[in-house]
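> To be precise about what I am sending: the file is called input.cif and holds mmCIF, C-alpha atoms and all ligand atoms.
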data_work
#
loop_
_atom_site.label_atom_id
_atom_site.label_comp_id
_atom_site.auth_asym_id
_atom_site.auth_seq_id
_atom_site.Cartn_x
_atom_site.Cartn_y
_atom_site.Cartn_z
CA MET A 1 -28.78 4.39 -9.33
CA SER A 2 -26.28 7.20 -9.49
CA VAL A 3 -23.17 6.29 -11.45
CA ALA A 4 -19.97 8.31 -11.09
CA GLN A 5 -16.98 7.93 -13.37
CA LEU A 6 -13.60 8.10 -11.64
CA PRO A 7 -10.04 7.51 -12.85
CA GLY A 8 -8.56 4.03 -12.36
CA LEU A 9 -7.24 4.17 -8.80
CA VAL A 10 -3.77 3.44 -7.44
CA ASP A 11 -3.13 1.33 -4.34
CA ALA A 12 0.44 2.31 -3.50
CA HIS A 13 0.92 -0.34 -0.81
CA VAL A 14 0.05 -4.00 -1.38
CA HIS A 15 1.67 -7.36 -0.57
CA LEU A 16 0.86 -9.77 -3.41
CA ARG A 17 3.07 -12.45 -1.82
CA GLU A 18 4.77 -13.85 -4.89
CA PRO A 19 7.24 -15.53 -4.78
CA GLY A 20 7.17 -17.64 -1.65
CA TYR A 21 3.73 -17.20 -0.16
CA GLU A 22 1.48 -18.02 -3.12
CA TYR A 23 -0.90 -19.86 -0.81
CA LYS A 24 -1.84 -16.43 0.67
CA GLU A 25 -2.07 -14.47 -2.62
CA ASP A 26 -0.44 -14.31 -6.05
CA PHE A 27 -0.22 -11.80 -8.88
CA ALA A 28 -3.41 -13.16 -10.47
CA THR A 29 -5.67 -13.18 -7.41
CA GLY A 30 -4.22 -10.00 -5.91
CA THR A 31 -4.69 -7.98 -9.09
CA MET A 32 -8.18 -9.44 -9.64
CA ALA A 33 -9.04 -8.19 -6.16
CA ALA A 34 -7.58 -4.82 -7.14
CA LEU A 35 -9.84 -4.52 -10.22
CA ALA A 36 -12.85 -5.46 -8.09
CA GLY A 37 -11.92 -2.50 -5.89
CA GLY A 38 -11.58 -0.06 -8.79
CA VAL A 39 -7.77 -0.15 -8.56
CA THR A 40 -5.90 -0.32 -11.89
CA THR A 41 -2.36 0.13 -10.52
CA VAL A 42 -0.83 -1.52 -7.46
CA LEU A 43 2.62 -1.05 -5.97
CA ASP A 44 3.87 -4.36 -4.57
CA MET A 45 6.07 -4.67 -1.50
CA PRO A 46 9.43 -6.53 -1.36
CA ASN A 47 8.95 -8.72 1.75
CA THR A 48 8.41 -11.89 -0.26
CA ASN A 49 10.45 -15.08 0.09
CA PRO A 50 13.11 -14.49 -1.10
CA PRO A 51 12.87 -10.71 -0.62
CA THR A 52 13.15 -8.40 -3.65
CA ALA A 53 16.62 -7.25 -2.66
CA THR A 54 18.82 -7.94 -5.72
CA PRO A 55 18.69 -7.28 -9.49
CA ASP A 56 18.01 -10.97 -10.23
CA ARG A 57 15.11 -11.16 -7.82
CA LEU A 58 13.54 -7.98 -9.16
CA ALA A 59 13.79 -9.39 -12.71
CA GLU A 60 12.27 -12.69 -11.60
CA LYS A 61 9.40 -10.97 -9.82
CA ALA A 62 8.77 -8.80 -12.89
CA ARG A 63 8.47 -11.95 -15.02
CA LEU A 64 6.00 -13.50 -12.57
CA ALA A 65 3.88 -10.34 -12.50
CA ALA A 66 3.99 -9.91 -16.29
CA ALA A 67 2.65 -13.44 -16.79
CA LYS A 68 -0.26 -13.19 -14.36
CA ALA A 69 -1.30 -9.64 -13.46
CA VAL A 70 -4.60 -8.20 -14.71
CA CYS A 71 -3.86 -4.63 -13.58
CA ASP A 72 -0.62 -2.64 -13.75
CA VAL A 73 2.00 -3.42 -11.12
CA GLY A 74 5.00 -1.48 -9.83
CA LEU A 75 7.55 -3.38 -7.76
CA PHE A 76 9.42 -2.11 -4.71
CA VAL A 77 12.96 -3.19 -4.01
CA GLY A 78 13.84 -3.72 -0.36
CA ALA A 79 16.93 -3.26 1.77
CA THR A 80 18.16 -6.22 3.83
CA HIS A 81 21.01 -6.80 6.28
CA THR A 82 22.35 -9.64 4.16
CA GLU A 83 22.22 -7.97 0.74
CA GLY A 84 22.55 -4.32 1.79
CA ASP A 85 21.92 -2.08 -1.21
CA ALA A 86 22.49 -4.76 -3.89
CA TYR A 87 19.37 -3.43 -5.67
CA LEU A 88 21.06 -0.13 -6.58
CA PRO A 89 22.07 -1.02 -10.19
CA VAL A 90 18.38 -1.61 -11.05
CA ALA A 91 16.83 1.09 -8.83
CA GLU A 92 15.16 2.71 -11.88
CA GLN A 93 13.30 -0.54 -12.58
CA ALA A 94 11.60 -0.47 -9.17
CA CYS A 95 8.78 1.90 -8.26
CA ALA A 96 10.75 2.87 -5.13
CA LEU A 97 12.87 1.56 -2.25
CA LYS A 98 11.17 0.19 0.87
CA ILE A 99 12.96 0.23 4.22
CA TYR A 100 11.46 -1.40 7.30
CA VAL A 101 12.71 0.00 10.59
CA SER A 102 9.78 -1.13 12.77
CA ASP A 103 8.21 -4.46 13.70
CA THR A 104 6.93 -6.25 10.57
CA PHE A 105 6.30 -9.58 8.81
CA GLY A 106 9.31 -11.18 7.11
CA SER A 107 13.07 -10.62 7.26
CA LEU A 108 13.56 -7.05 5.99
CA ARG A 109 13.92 -5.15 9.24
CA ILE A 110 16.92 -2.78 9.35
CA ASP A 111 18.17 -1.80 12.80
CA THR A 112 21.62 -0.27 12.53
CA LEU A 113 22.61 3.30 11.83
CA ASP A 114 25.53 2.04 9.73
CA LEU A 115 23.18 0.48 7.24
CA MET A 116 20.53 3.23 7.37
CA HIS A 117 23.21 5.83 6.63
CA ARG A 118 24.55 3.79 3.73
CA LEU A 119 21.05 3.19 2.27
CA PHE A 120 20.12 6.90 2.24
CA ARG A 121 23.55 7.95 0.93
CA GLY A 122 23.43 5.33 -1.82
CA TRP A 123 19.93 6.36 -2.91
CA ALA A 124 20.93 10.05 -2.94
CA GLU A 125 24.01 9.27 -5.07
CA LYS A 126 21.89 7.26 -7.49
CA ALA A 127 19.50 10.21 -7.76
CA ASP A 128 22.46 12.51 -8.49
CA ALA A 129 23.19 10.24 -11.46
CA VAL A 130 19.70 9.53 -12.82
CA GLY A 131 17.32 12.00 -11.11
CA TYR A 132 13.98 11.40 -9.42
CA ARG A 133 11.11 10.12 -11.55
CA MET A 134 8.30 12.55 -12.35
CA ALA A 135 4.73 11.46 -13.18
CA GLY A 136 4.36 10.70 -16.88
CA VAL A 137 8.08 11.10 -17.65
CA GLY A 138 9.20 7.65 -16.54
CA GLU A 139 12.93 8.16 -15.98
CA GLY A 140 14.86 8.22 -12.74
CA ILE A 141 14.18 6.65 -9.35
CA GLY A 142 11.28 6.85 -6.91
CA PRO A 143 11.32 7.95 -3.27
CA ILE A 144 12.36 5.97 -0.20
CA THR A 145 9.25 4.59 1.50
CA VAL A 146 9.62 3.63 5.14
CA HIS A 147 7.74 1.60 7.69
CA ALA A 148 8.83 3.83 10.58
CA GLU A 149 6.73 3.99 13.72
CA GLU A 150 7.17 6.08 16.85
CA LEU A 151 10.83 7.09 17.44
CA MET A 152 11.95 5.66 14.11
CA LEU A 153 9.87 8.32 12.36
CA PRO A 154 12.12 11.28 13.32
CA VAL A 155 15.19 9.16 12.48
CA CYS A 156 13.91 8.79 8.92
CA LEU A 157 12.76 12.41 8.67
CA CYS A 158 16.23 13.50 9.68
CA LEU A 159 18.00 11.30 7.10
CA SER A 160 15.59 12.50 4.43
CA GLN A 161 16.36 16.12 5.30
CA LEU A 162 20.14 15.57 5.48
CA TYR A 163 20.30 13.80 2.10
CA ALA A 164 17.41 15.68 0.43
CA VAL A 165 15.88 12.31 -0.45
CA PRO A 166 12.08 12.36 -0.91
CA LEU A 167 10.64 10.25 1.90
CA HIS A 168 7.23 8.58 1.94
CA ILE A 169 5.90 7.39 5.30
CA ALA A 170 3.78 4.25 4.97
CA HIS A 171 0.64 3.67 7.05
CA VAL A 172 0.73 6.51 9.59
CA SER A 173 -1.46 5.48 12.52
CA ARG A 174 -0.89 7.73 15.54
CA ARG A 175 -1.55 11.31 16.61
CA ASN A 176 2.11 11.95 17.50
CA GLU A 177 3.21 10.73 14.05
CA ILE A 178 0.75 12.71 11.93
CA GLU A 179 1.40 15.84 14.01
CA LEU A 180 5.17 15.45 13.57
CA ILE A 181 4.74 14.99 9.82
CA ARG A 182 2.78 18.26 9.74
CA VAL A 183 5.70 20.02 11.43
CA ALA A 184 8.19 18.38 9.05
CA LYS A 185 6.18 19.48 5.99
CA ASP A 186 5.89 23.03 7.40
CA ARG A 187 9.71 23.09 7.81
CA GLY A 188 10.31 21.97 4.23
CA VAL A 189 11.34 18.33 4.81
CA PRO A 190 10.60 16.46 1.52
CA VAL A 191 8.08 14.11 3.12
CA THR A 192 4.73 12.62 2.10
CA CYS A 193 2.59 10.06 3.90
CA GLU A 194 -0.20 7.55 3.57
CA VAL A 195 -2.98 6.27 5.83
CA THR A 196 -4.78 2.92 5.50
CA PRO A 197 -8.54 2.44 5.61
CA HIS A 198 -8.16 0.12 8.61
CA HIS A 199 -6.45 2.85 10.63
CA LEU A 200 -9.15 5.34 9.58
CA PHE A 201 -12.16 3.12 10.26
CA LEU A 202 -11.02 0.76 13.08
CA SER A 203 -9.44 1.34 16.50
CA THR A 204 -8.42 -0.58 19.62
CA ASP A 205 -12.14 -0.59 20.48
CA ASP A 206 -12.62 -3.15 17.65
CA LEU A 207 -9.96 -5.58 18.91
CA PRO A 208 -12.18 -7.69 21.19
CA ARG A 209 -14.49 -8.33 18.23
CA LEU A 210 -11.78 -8.87 15.59
CA GLY A 211 -9.16 -10.79 17.58
CA ALA A 212 -6.28 -11.87 15.31
CA CYS A 213 -8.13 -10.45 12.29
CA GLY A 214 -7.51 -7.01 13.79
CA ASP A 215 -3.77 -7.61 14.24
CA MET A 216 -1.46 -5.77 11.88
CA ARG A 217 1.64 -3.52 11.97
CA PRO A 218 1.21 -0.72 12.78
CA ARG A 219 -1.36 -2.05 15.25
CA LEU A 220 -4.82 -0.55 15.47
CA ALA A 221 -4.50 2.68 17.43
CA THR A 222 -6.66 4.41 20.04
CA PRO A 223 -9.85 6.29 19.16
CA ASP A 224 -7.91 9.52 19.85
CA ASP A 225 -5.27 8.50 17.29
CA VAL A 226 -8.02 7.75 14.76
CA ALA A 227 -9.58 11.17 15.44
CA ALA A 228 -6.15 12.76 14.84
CA LEU A 229 -5.89 11.16 11.37
CA TRP A 230 -9.28 12.61 10.43
CA GLU A 231 -8.41 16.04 11.93
CA ASN A 232 -5.16 16.13 9.95
CA LEU A 233 -6.48 14.80 6.65
CA ASP A 234 -4.89 17.76 4.86
CA VAL A 235 -1.49 16.29 5.80
CA VAL A 236 -2.41 12.84 4.44
CA ASP A 237 -1.20 12.60 0.83
CA ILE A 238 -2.36 9.06 0.00
CA PHE A 239 -4.89 6.46 1.06
CA ALA A 240 -3.27 3.04 0.55
CA THR A 241 -4.35 -0.30 1.94
CA ASP A 242 -1.27 -2.25 3.09
CA HIS A 243 -3.19 -5.22 1.63
CA ALA A 244 -1.41 -7.96 3.64
CA PRO A 245 -3.27 -11.26 3.25
CA HIS A 246 -2.71 -14.15 5.66
CA THR A 247 -4.98 -17.19 5.76
CA LEU A 248 -7.63 -17.56 8.44
CA ALA A 249 -5.84 -20.71 9.62
CA GLU A 250 -2.62 -18.70 10.07
CA LYS A 251 -4.66 -16.20 12.07
CA GLY A 252 -5.69 -19.12 14.28
CA ILE A 253 -9.35 -18.98 13.23
CA GLY A 254 -10.90 -22.44 13.45
CA VAL A 255 -7.58 -23.88 14.64
CA GLU A 256 -7.17 -25.76 17.95
CA PRO A 257 -5.33 -25.08 20.18
CA ALA A 258 -5.24 -21.28 19.84
CA ARG A 259 -1.95 -19.95 18.40
CA PRO A 260 0.14 -17.63 20.56
CA ALA A 261 1.73 -15.78 17.60
CA VAL A 262 -0.08 -15.00 14.37
CA PRO A 263 1.33 -13.15 11.35
CA PRO A 264 0.26 -9.48 11.34
CA GLY A 265 -1.70 -8.03 8.43
CA VAL A 266 -5.15 -7.77 6.88
CA PRO A 267 -6.35 -7.80 3.25
CA GLY A 268 -7.82 -4.56 1.92
CA VAL A 269 -7.23 -3.74 -1.77
CA GLU A 270 -10.84 -4.44 -2.81
CA THR A 271 -12.54 -2.74 0.13
CA MET A 272 -10.70 0.62 0.13
CA LEU A 273 -12.92 2.44 -2.36
CA PRO A 274 -16.24 1.14 -0.95
CA LEU A 275 -15.14 2.19 2.55
CA LEU A 276 -14.09 5.63 1.34
CA LEU A 277 -17.35 6.02 -0.60
CA THR A 278 -19.20 5.03 2.57
CA ALA A 279 -17.33 7.80 4.40
CA ALA A 280 -18.32 10.15 1.57
CA HIS A 281 -21.94 8.99 1.94
CA ALA A 282 -21.69 9.99 5.63
CA GLY A 283 -20.30 13.43 4.67
CA LEU A 284 -16.77 12.81 6.02
CA LEU A 285 -15.10 13.14 2.60
CA ASP A 286 -15.98 14.03 -0.96
CA LEU A 287 -15.13 12.36 -4.27
CA GLY A 288 -12.43 14.97 -4.88
CA ASP A 289 -10.67 13.93 -1.64
CA ILE A 290 -10.70 10.31 -2.81
CA ILE A 291 -9.41 11.07 -6.32
CA GLU A 292 -6.64 13.29 -4.93
CA ARG A 293 -5.41 10.60 -2.49
CA CYS A 294 -6.00 7.44 -4.57
CA TYR A 295 -4.97 8.76 -7.99
CA THR A 296 -3.37 12.21 -8.27
CA ALA A 297 -0.99 12.08 -5.30
CA PRO A 298 0.28 8.50 -5.72
CA ARG A 299 0.92 9.16 -9.42
CA ARG A 300 2.91 12.29 -8.50
CA ILE A 301 4.83 10.76 -5.57
CA TYR A 302 5.87 7.59 -7.44
CA GLY A 303 6.09 9.16 -10.92
CA LEU A 304 3.58 6.71 -12.39
CA PRO A 305 2.82 6.68 -16.13
CA GLU A 306 -0.53 7.66 -17.61
CA GLN A 307 -3.10 4.90 -18.25
CA PRO A 308 -4.90 6.14 -21.37
CA ASP A 309 -8.59 5.29 -21.87
CA THR A 310 -8.86 4.02 -18.30
CA TRP A 311 -11.70 4.70 -15.89
CA ILE A 312 -13.99 3.09 -13.35
CA GLU A 313 -17.76 3.39 -12.98
CA VAL A 314 -19.10 3.42 -9.46
CA ASP A 315 -22.68 3.27 -8.21
CA VAL A 316 -22.23 5.71 -5.35
CA ASP A 317 -25.65 5.02 -3.77
CA ALA A 318 -25.66 1.20 -3.82
CA GLY A 319 -26.06 -0.02 -0.24
CA TYR A 320 -25.13 -3.60 0.66
CA GLU A 321 -23.55 -5.76 3.35
CA LEU A 322 -19.93 -6.71 2.73
CA THR A 323 -19.53 -10.50 2.79
CA ASN A 324 -16.36 -12.59 2.74
CA SER A 325 -17.81 -14.76 -0.02
CA SER A 326 -17.89 -11.79 -2.43
CA LEU A 327 -14.11 -11.19 -2.14
CA LYS A 328 -11.52 -12.04 -4.79
CA THR A 329 -8.48 -12.15 -2.49
CA LYS A 330 -7.20 -15.70 -2.09
CA VAL A 331 -7.59 -15.56 1.71
CA GLY A 332 -11.31 -14.80 1.41
CA TRP A 333 -11.82 -12.60 4.46
CA SER A 334 -11.94 -8.95 5.47
CA PRO A 335 -11.94 -7.24 8.86
CA PHE A 336 -14.89 -5.25 7.47
CA ALA A 337 -17.12 -8.27 6.73
CA GLY A 338 -20.66 -7.60 7.93
CA TRP A 339 -20.33 -3.80 7.48
CA ARG A 340 -23.05 -1.97 5.61
CA LEU A 341 -21.31 -0.14 2.77
CA TYR A 342 -22.49 2.47 0.27
CA GLY A 343 -20.80 2.55 -3.11
CA ARG A 344 -20.02 -0.32 -5.46
CA VAL A 345 -17.61 -0.66 -8.39
CA GLU A 346 -19.76 -1.60 -11.42
CA ARG A 347 -17.26 -1.52 -14.29
CA VAL A 348 -13.54 -1.02 -14.86
CA VAL A 349 -12.07 -0.08 -18.25
CA LEU A 350 -8.27 -0.40 -18.63
CA ARG A 351 -6.63 0.93 -21.83
CA GLY A 352 -9.95 0.75 -23.62
CA ALA A 353 -10.81 -2.84 -22.61
CA MET A 354 -13.62 -3.74 -20.22
CA VAL A 355 -11.70 -5.67 -17.55
CA TYR A 356 -14.32 -5.91 -14.78
CA ALA A 357 -18.12 -5.81 -14.93
CA GLY A 358 -20.95 -6.99 -12.74
CA GLY A 359 -18.68 -8.64 -10.20
CA ALA A 360 -16.61 -10.60 -12.75
CA VAL A 361 -13.02 -10.04 -13.88
CA LEU A 362 -12.90 -10.15 -17.69
CA ALA A 363 -9.19 -9.45 -18.23
CA ALA A 364 -6.80 -12.14 -19.42
CA PRO A 365 -3.87 -13.07 -17.13
CA GLY A 366 -0.84 -11.03 -18.15
CA SER A 367 -2.85 -8.12 -19.57
CA GLY A 368 -1.55 -5.91 -16.75
CA ARG A 369 1.77 -4.16 -17.29
CA VAL A 370 4.81 -4.21 -15.04
CA LEU A 371 5.82 -0.59 -14.63
CA PHE A 372 9.46 0.50 -15.12
CA ALA A 373 10.66 -3.10 -15.60
CA ALA A 374 13.10 -4.10 -18.34
CA LEU A 375 11.32 -7.22 -19.60
O1 LIG A 401 0.63 -5.88 9.20
C1 LIG A 401 1.58 -5.96 8.45
N1 LIG A 401 1.66 -6.92 7.52
N2 LIG A 401 2.58 -5.07 8.56
C2 LIG A 401 3.74 -5.21 7.89
O2 LIG A 401 4.65 -4.43 8.12
C3 LIG A 401 3.92 -6.33 6.93
C4 LIG A 401 2.63 -6.87 6.49
C5 LIG A 401 2.75 -8.23 5.85
O3 LIG A 401 3.55 -8.37 4.92
O4 LIG A 401 2.02 -9.14 6.25
ZN ZN A 402 2.96 -3.28 4.17
#
Could you spell out this file's structure in structure tokens?


Amino acid sequence: MSVAQLPGLVDAHVHLREPGYEYKEDFATGTMAALAGGVTTVLDMPNTNPPTATPDRLAEKARLAAAKAVCDVGLFVGATHTEGDAYLPVAEQACALKIYVSDTFGSLRIDTLDLMHRLFRGWAEKADAVGYRMAGVGEGIGPITVHAEELMLPVCLCLSQLYAVPLHIAHVSRRNEIELIRVAKDRGVPVTCEVTPHHLFLSTDDLPRLGACGDMRPRLATPDDVAALWENLDVVDIFATDHAPHTLAEKGIGVEPARPAVPPGVPGVETMLPLLLTAAHAGLLDLGDIIERCYTAPRRIYGLPEQPDTWIEVDVDAGYELTNSSLKTKVGWSPFAGWRLYGRVERVVLRGAMVYAGGAVLAAPGSGRVLFAAL
């Protein structure tokens, strides 16, 4: 057994589903899954029901997370057509702003230039007043993170450039997108990006096998797109999972008759590190690449605080088959079930306390902190 000690990782893109979809996941189960994956900080998305679009809803979500979470949680606010930029007075209490301009799950899609212009201008004005948050300092606001595929990507790059607002591109999946982000970075646009494990390790070739369990937004891309992500890894700032649990029944598994429309998304927070360690085992990455993209860069981009006395211990040689029954996510499935993986999280220590060991979560509900919130 060869044990490596790594920092507690960050998953900068998860959907923990509370409030409104607790039957899929909640702050307890989602953060337990995070610890099992060596993740001690998650950043939670705003497309809940109701969406995290107003000061009251952000405060309510912070209370829910504070009562249940076993790892640290940052909360995104989201822009909506109905509430516009109502979140602005509490922007500093969110980890960042999320804007959806492409096909997604939930009601947060923005599709007018009027509103996009107002959202970027409002965020830039807020930053003029309070600044952008830097890692470890804790004051100011985070970046704008966008779900922007295909032609919506240059729209967002342009607004980011015009307003000098730091832009983070969620789940890049295609060759044309990663190549355009390289050009934008070379030209000085303040842009960073993330890639999910499912877009790195799965492609359209896997769809016949996975069916609805391979359906997410962005969709799985072609093998050439996957190759482009690996070729351009130097442009990829963050690995983040887009942990988006839906039940197997919602995916139409075991349900008759077959459902024409299923909600897009796959769980992933607890399988990211084992998959990346498996890639390292195969010589595609090294531990430094993982630490940079799952710790250093997300902390810098979102200005996350230090977690003192926090680390994870990983058996980098452990080989095993991933099974659904071993998972802590409430939905109990993974598109990677049946894969042979190398690398297992053995122990997690958060602020000096052993919170996960030997497959069991030891932390008490509510021992995780809600970052930036005024509780
Ligand atoms: O696959 C996805 N699932 N993409 C999204 O944009 C949303 C997410 C979800 O919340 O289920
Ligand atoms: Zn997402």

> Which of these residues is nearest to ligand LIG 401 (chain A), using only C-alpha atoms and all ligand atoms: A:Ala164, A:Leu220, A:Cys71, A:Ala279?

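Going through A:Ala164, A:Leu220, A:Cys71, A:Ala279 one by one, the smallest distance to ligand LIG 401 (chain A) is for A:Leu220.
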
> Check which residues of region 28-83 of chain A sit at most 12 Å from region 131-155 of chain A using all atoms listed in the file, and return one row each with the closest pair of atoms and their distance in Å to one decimal, ordered by chain and rising number, as JSON lines.


{"residue": "A:Leu43", "atom": "CA", "partner": "A:Thr145", "partner_atom": "CA", "distance": 11.5}
{"residue": "A:Met45", "atom": "CA", "partner": "A:Thr145", "partner_atom": "CA", "distance": 10.2}
{"residue": "A:Pro46", "atom": "CA", "partner": "A:Thr145", "partner_atom": "CA", "distance": 11.5}
{"residue": "A:Asn47", "atom": "CA", "partner": "A:His147", "partner_atom": "CA", "distance": 12.0}
{"residue": "A:Gly74", "atom": "CA", "partner": "A:Gly142", "partner_atom": "CA", "distance": 10.8}
{"residue": "A:Leu75", "atom": "CA", "partner": "A:Gly142", "partner_atom": "CA", "distance": 10.9}
{"residue": "A:Phe76", "atom": "CA", "partner": "A:Thr145", "partner_atom": "CA", "distance": 9.1}
{"residue": "A:Val77", "atom": "CA", "partner": "A:Ile144", "partner_atom": "CA", "distance": 9.9}
{"residue": "A:Gly78", "atom": "CA", "partner": "A:Thr145", "partner_atom": "CA", "distance": 9.7}
{"residue": "A:Ala79", "atom": "CA", "partner": "A:Ile144", "partner_atom": "CA", "distance": 10.5}

> One number please: CA of Pro51 (chain A) to CA of Ala374 (chain A), in Å, one decimal.

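Distance between the two atoms: 18.9 Å.
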
> For Ala244 (chain A), work out the shell of residues within 6 Å, counting all atoms listed in the file and skipping chain neighbours fewer than 6 positions away, then give it as a PDB file with C-alpha atoms, in the frame of the given file.


ATOM      1  CA  HIS A  15       1.670  -7.360  -0.570  1.00  0.00           C
ATOM      2  CA  GLY A 265      -1.700  -8.030   8.430  1.00  0.00           C
ATOM      3  CA  VAL A 266      -5.150  -7.770   6.880  1.00  0.00           C
ATOM      4  CA  PRO A 267      -6.350  -7.800   3.250  1.00  0.00           C
TER       5      PRO A 267
END

> So what do you get for CA of Val70 (chain A) versus CA of Thr310 (chain A), distance-wise?

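Those two atoms sit 13.4 Å apart.
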
> Which polymer residues have any atom within 7 Å of an atom of region 306-309 of chain A, counting all atoms listed in the file, with same-chain residues fewer than 4 positions away left out, as a list in words?

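Contacts, with the query itself left out: Gly136, Leu350, Arg351 and Gly352 of chain A.
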
> Export, as a JSON list (two decimals), in the frame of the given file, the selected residues with C-alpha atoms.


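What follows is the written file result-v8.json:
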[["chain", "number", "residue", "atom", "x", "y", "z"],
["A", 136, "GLY", "CA", 4.36, 10.70, -16.88],
["A", 350, "LEU", "CA", -8.27, -0.40, -18.63],
["A", 351, "ARG", "CA", -6.63, 0.93, -21.83],
["A", 352, "GLY", "CA", -9.95, 0.75, -23.62]]

> Between A:Asp225, A:Asp103, A:Asp205, A:Glu18, which one has atoms that come closest to ligand ZN 402 (chain A), using only C-alpha atoms and all ligand atoms?

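That would be A:Asp103, the residue with the smallest distance to ligand ZN 402 (chain A).
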
> Quick check, in Å to one decimal: how far apart do CA of Thr112 (chain A) and CA of Arg219 (chain A) lie?

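The value is 23.2 Å.
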
> I need the residue nearest ligand ZN 402 (chain A) from this list: A:Pro245, A:Gly84, A:Gly37, A:Gly20. Use all atoms listed in the file for the distance.

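Closest residue, counting all atoms listed in the file: A:Pro245.
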